[in-house]
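Comments concern the structure below.
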Amino acid sequence: MLRLLKCPIFVDIKQSKMNLTTKSTKMKLEKLIIAFVLVLGVSCSKNDPIIPNEEELITTLTYTLTPTDGGDDVVLIYKDLDAEGTSFDAEITNGTLEANKTYSGVITLSNESEDPAENMTEEVEEEANDHQFFFIDIPTGFTIRYDDSDSDGNPIGLSTIVETKDTYVGGDLTIILKHEPNKFAEDITIYDATNAGGETDIEVTFEMN
Amino acid sequence: MPKYLFFITIAFLCTNLFGQKCNFALSGIVVEKSKGEVVPNTYVYIEELSIGVMTNEKGEFKFPFLCAGDYHLNIDHVGCETKHVFLHFTASEQIDVVIEHYVQMLDGVHLLGHKSEVTTQSVQSIGYQNIQKNANENLGNLLEGLTGVSTLKNGSGIAKPVVHGMYGNRVMVLNNGVVQSGQQWGNDHSPEIDPMVASNIKVIKGVGALEYQGSSLGSFVSVEPKEISDDPHLHGASNSFYESNGNGVGLNFTLEKSDKYFDWRLVGTLKKFGDRSASNYYLTNTGSGEANLALQLKKQWNSDWLTKAYLSSFNTELGVLKGSHISTESDLESALIQDIPFNTKGTFSYEIESPRQLVNHHLLKVFNQYRVSANETYEFIYSGQLNLRQEFDIRTQGKSDVPAMKINQNTHNVEVKHQHIVDQWKLKQGVQYTFTNNTNSNGETGLKPLIPDYLSHQLGVFGLATLKKNSWMYELGARYNFTYQNSAVIKQILKTSATTGNEYLQDTISKYNNYFHTIGLSSGIRYRTQKDLHWAFNVGITSRNPAINELYSNGLHQGVAAIEIGNSELKQETGAKATLGLEGDVAQKLFFESLVYYQYINDYIFLNPLTGDDGIDSTTRGVYRVYEYDQTNAEIFGLDVAVTYQFTDNIKTKMKYSFLRGNNLSENIPLINMPANNLLANIDYNLPKFGYFTNNYVGVDYKYVWQQTHYKDGQDFIDPPNAYQLMGLKIGTTTKWKNTKIDIYSKATNVLNISYRDYLNRLRYFADENGRSITIGVKFSF
């Protein structure tokens with residue numbers, strides 16, 4: 001009852017009474033409101049909603065390319081703190097590869113929207129048969145192959161080998177992670193996920209130089 | 001059936017047994033409603049006696065020697081809806097029978113003044129027969145044939161009405177006089193109403209709906225259930241149909257009786273559709289199912305007190321086109337250009353998978369009327385609505401069966417109305433209070449809600465005055481509303497970790513309190529220049545406070561495959577509208593009606609598709625287009641014209657044309673998502689009685705929809721689709737078997753199986769509209 005008295009609606013109704021036309025309407029109105037506020041037990045403040053625990057959110061994908069003949073790592077990072085929202089823009093770190101070189105690539109995933117950040121790579125490793133990375137858009141003179149496999153002998157894509165030819169000048173590199181794809185489907189290659197089906201867990205594009 | 005016959009026989013025997021005299025005369029005159037003219041050549045038939053007579057030139061009929069008893073009369077006239085009259089006949093009597101011409105009835109050339117009019121605003125309606133013969137259609141599609149009315153669709157099964165360019169929060173839908181609550185904000189949300197309950201669906205293309213506490217910016221749609229007949233015998237009907245497109249089947253039944261204690265009516269509907277098909281492929285996952293039940297009760301306690309109760313339950317499951325769920329940016333780009341949507345299967349199926357919607361809507365209305373005198377009444381009305389909406393999305397880890405959105409909305413509304421007739425003035429005032437409580441089940445969905453939890457209190461008062469004097473009718477109305485909203489919004493804020501120094505997000509709850517004062521004013525004038533010509537002019541101002549979704553929605557709206565972002569800074573919008581209508585007829589042969597309107601909206605709230613990089617957002621649930629709520633000054637103006645020419649009583653042709661233009665005045669560009677101009681034409685031929693078959697008709701429809709060219713390049717993801725034209729056919733007849741009336745009807749839509757897309761279909765980015773479809777239905781009434 002105390003809460004009802006504090007209710008801002010009452011204050012405002014009283015103020016807005018001036019707008020009402022007749023005295024009897026005013027009386028009716030007041031009685032009506034009081035009666036129904038009581039009857040319905042309504043309040044003026046919505047209870048706090050449950051904050052959902054949004055699982056399996058991937059905010060960050062890191063692709064580290066290490067030259068096999070030595071040299072500095074090339075680290076590509078895609079980070080979007082609110083993966084499903086639009087309040088925060090993604091931060092993308094692009095990289096430069098050299099022509100005629102071989103790199104070993106490693107992808108790591110994490111959920112950095114939480115503190116401490118959650119390692120999502122383990123999730124993919126644990127459910128390796130239900131996950132596969134594809135590189136659906138690649139720069140000219142860039143080839144890539146899988147360097148790992150799940151228990152069925154199908155590739156996963158957390159580890160890869162990249163080779164650049166002398167025609168390499170850079171371009172877009174698009175990586176997608178498919179969840180529950182049909183890994184046995186026909187005509188699927190590391191470049192083509194068309195027949196794999198499944199859902200996309202994450203899709204990122206880097207501009208390679 | 002035999003049971004019923006038995007009942008009648010007994011009833012008969014009784015009347016005769018008690019030896020009443022059988023020399024009473026029943027006579028009467030049949031009058032046409034709109035003009036008040038007598039109708040010759042009308043067949044008046046008494047079911048119980050299987051006898052009938054034709055009315056003479058003066059519209060008169062007479063049964064000279066009848067016994068006292070209860071009689072059911074059928075009054076049939078070519079081009080008119082069959083009228084049923086129940087008569088408790090005790091002595092010689094003269095009755096007046098009012099029938100309505102199809103010209104006025106079918107799709108309602110009720111524009112302005114007829115004898116029966118109650119408003120100066122423009123009213124169009126769809127009558128009972130038309131609703132019954134379109135049992136396969138949902139409410140939105142039913143209304144599409146009216147001038148100035150279009151539908152905003154989301155695939156095949158989801159449609160909401162657009163009146164004069166307004167929809168959703170701006171077009172109030174009245175379900176038996178109750179403002180339909182529910183989540184009508186969503187463009188993918190159909191009004192949760194079963195049209196089969198209705199005797200009449202009206203669209204008021206007006207300037208204000210001040211009697212009702214909803215958010216209307218002028219026009220509204222009113223679904224009115226059939227009044228329970230005062231017939232003391234059990235009557236009913238069953239109406240079933242098959243539709244070829246989607247292999248749809250449906251069954252509707254009605255039972256009604258005026259009982260000793262109260263009058264009741266029960267209506268139930270079941271519908272099931274599988275995948276619809278476009279002209280050359282299946283629209284995979286567009287099936288739907290529906291199960292509805294409505295109960296009407298009426299009790300006249302004494303001459304002063306009347307109670308009516310209405311209880312309805314509407315339940316539906318709707319599949320959303322599989323191909324509208326796009327998971328990657330590259331897929332989205334190709335989906336926009338490819339002919340056949342993704343995930344299209346080569347076979348038909350009744351199965352509904354995610355994405356899909358499950359909606360339950362329950363309504364209870366209790367209406368009490370107290371009659372102070374013949375000229376004064378009070379009405380006390382309570383209505384409560386429960387709306388549960390669940391939307392299922394394609395989710396990983398077997399979560400496709402866990403809703404991605406689950407909203408429970410409860411609404412309670414109490415109102416008191418007072419009506420008083422003083423001399424030529426009709427006055428009506430009222431007070432209304434509405435409480436709305438909207439709660440998401442975040443714990444179950446595991447996702448942040450698209451629109452937040454909120455509650456609102458709304459209080460309104462209104463007053464209306466109507467004056468009829470000679471050939472003039474004046475109308476004045478005013479409304480004031482106070483709205484309080486309290487929302488609990490989950491927001492993410494950026495934090496820096498104390499341990500690692502990295503940035504992370506923290507969910508917090510922000511409470512918003514909003515207070516809105518809105519007003520509505522309207523005035524109208526109607527003048528009957530002469531018997532066959534009326535004109536009417538209306539002006540009105542209405543304001544609408546921003547709805548919760550416009551303020552705070554944030555996230556993926558799966559049903560329309562889009563991310564929608566609210567704007568908490570929105571102000572209320574105010575619209576001023578003027579309409580000028582002209583209606584008349586020439587020698588009862590050529591009927592015409594026209595309505596010109598102009599509406600200016602200050603701070604018009606609209607969903608603006610962002611363009612460029614901002615226009616597409618990649619989420620872990622896929623890649624989606626991004627829309628943001630925005631405000632601008634806007635104008636909408638247009639013209640609706642309908643012309644009917646009646647060659648004979650049996651053949652008539654009708655043409656309807658709607659022109660509409662919307663402008664975003666602040667930016668000096670066209671307003672997005674405005675209906676394209678369209679033309680409808682049809683010819684109906686009522687064939688003469690043929691053997692046992694009466695009410696025979698055939699008809700051809702033609703529809704042409706122009707391309708929306710009032711559009712700025714790049715305003716939307718793809719340009720508006722091309723113009724299209726559609727052909728339709730219909731045929732039907734009525735026969736009788738013993739005391740059962742049998743209506744058989746059939747119709748074909750998109751006869752030429754045209755492949756086309758409509759600008760107001762939100763899935764036009766991905767798929768075509770429905771291809772050819774043939775519906776056959778049969779209705780038994782007793």
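For the structure tokens, the naming scheme is as follows: chains receive sequential letters (A, B, ...) according to their order of presentation, residues are indexed from 1 within each chain, and ligands are indexed from 1 in presentation order.
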
If we count only C-alpha atoms and set the cut-off at 7 Å, which residues sit around A:Ile175, ignoring sequence neighbours fewer than 2 positions away in its own chain? Please answer as a PyMOL selection string. chain A and resi 133-136+173+177+203-205

Using backbone DSSP assignments, extract all strand (DSSP E or B) residues from stretch 384-558 of chain B; output them as a PyMOL selection string. chain B and resi 384-392+405-422+425-440+453-469+472-496+503-530+533-544+554-557

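For B:His77, the set of protein, DNA and RNA residues having any atom at most 8 Å away, when counting only C-alpha atoms and skipping those fewer than 6 positions along the same chain, is B:Asn41, B:Thr42, B:Tyr43.
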
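Straight-line separation from atom CA of B:Gly182 to atom CA of B:Gln124: 24.7 Å.
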
Check which residues of chain A sit at most 6 Å from chain B using only C-alpha atoms, and return one row each with the closest pair of atoms and their distance in Å to one decimal, ordered by chain and rising number, as JSON lines.
```
{"residue": "A:Ser45", "atom": "CA", "partner": "B:Asn486", "partner_atom": "CA", "distance": 5.9}
{"residue": "A:Lys46", "atom": "CA", "partner": "B:Tyr454", "partner_atom": "CA", "distance": 5.8}
{"residue": "A:Ile50", "atom": "CA", "partner": "B:Asn442", "partner_atom": "CA", "distance": 5.9}
{"residue": "A:Pro52", "atom": "CA", "partner": "B:Gly446", "partner_atom": "CA", "distance": 4.8}
{"residue": "A:Asn53", "atom": "CA", "partner": "B:Gly446", "partner_atom": "CA", "distance": 5.7}
{"residue": "A:Glu54", "atom": "CA", "partner": "B:Gly446", "partner_atom": "CA", "distance": 5.6}
{"residue": "A:Ala83", "atom": "CA", "partner": "B:Thr619", "partner_atom": "CA", "distance": 5.4}
{"residue": "A:Glu84", "atom": "CA", "partner": "B:Thr619", "partner_atom": "CA", "distance": 4.3}
{"residue": "A:Gly85", "atom": "CA", "partner": "B:Gly555", "partner_atom": "CA", "distance": 6.0}
{"residue": "A:Glu112", "atom": "CA", "partner": "B:Tyr504", "partner_atom": "CA", "distance": 6.0}
{"residue": "A:Ser113", "atom": "CA", "partner": "B:Tyr504", "partner_atom": "CA", "distance": 4.6}
{"residue": "A:Glu114", "atom": "CA", "partner": "B:Tyr504", "partner_atom": "CA", "distance": 5.5}
{"residue": "A:Thr200", "atom": "CA", "partner": "B:Ser327", "partner_atom": "CA", "distance": 5.7}
{"residue": "A:Asp201", "atom": "CA", "partner": "B:Thr620", "partner_atom": "CA", "distance": 5.3}
{"residue": "A:Ile202", "atom": "CA", "partner": "B:Thr620", "partner_atom": "CA", "distance": 5.5}
```

Selection near B:Glu550, 7 Å with only C-alpha atoms, sequence-local residues under 5 positions removed, as a ChimeraX atom specification: /B:566-567,629

If we count only C-alpha atoms and set the cut-off at 9 Å, which residues sit around B:Gly140, ignoring sequence neighbours fewer than 5 positions away in its own chain? Please answer as a ChimeraX atom specification. /B:150-153,158-162,190-191

Min atom-atom distance to B:Val123 from the set B:Tyr282, B:Phe220, B:Trp305, B:Tyr604, counting only C-alpha atoms, belongs to B:Phe220

Polymer residues at most 8 Å from A:Val106, only C-alpha atoms, same-chain spacing of 4 or more positions, as a PyMOL selection string: chain A and resi 63-65+158-160

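Here the residues within stretch 23-154 of chain B that DSSP labels helix (DSSP H, G or I) on the basis of the backbone are Tyr102, Val103, Gln104, Met105, Tyr128, Gln129, Asn130, Ile131, Gln132, Leu139, Gly140, Asn141, Leu142 and Leu143 of chain B.
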
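Minimum distance to B:Gly165 across B:Ser383, B:Gln180, B:Asn686, B:Ser658 (counting only C-alpha atoms) occurs at B:Ser658.
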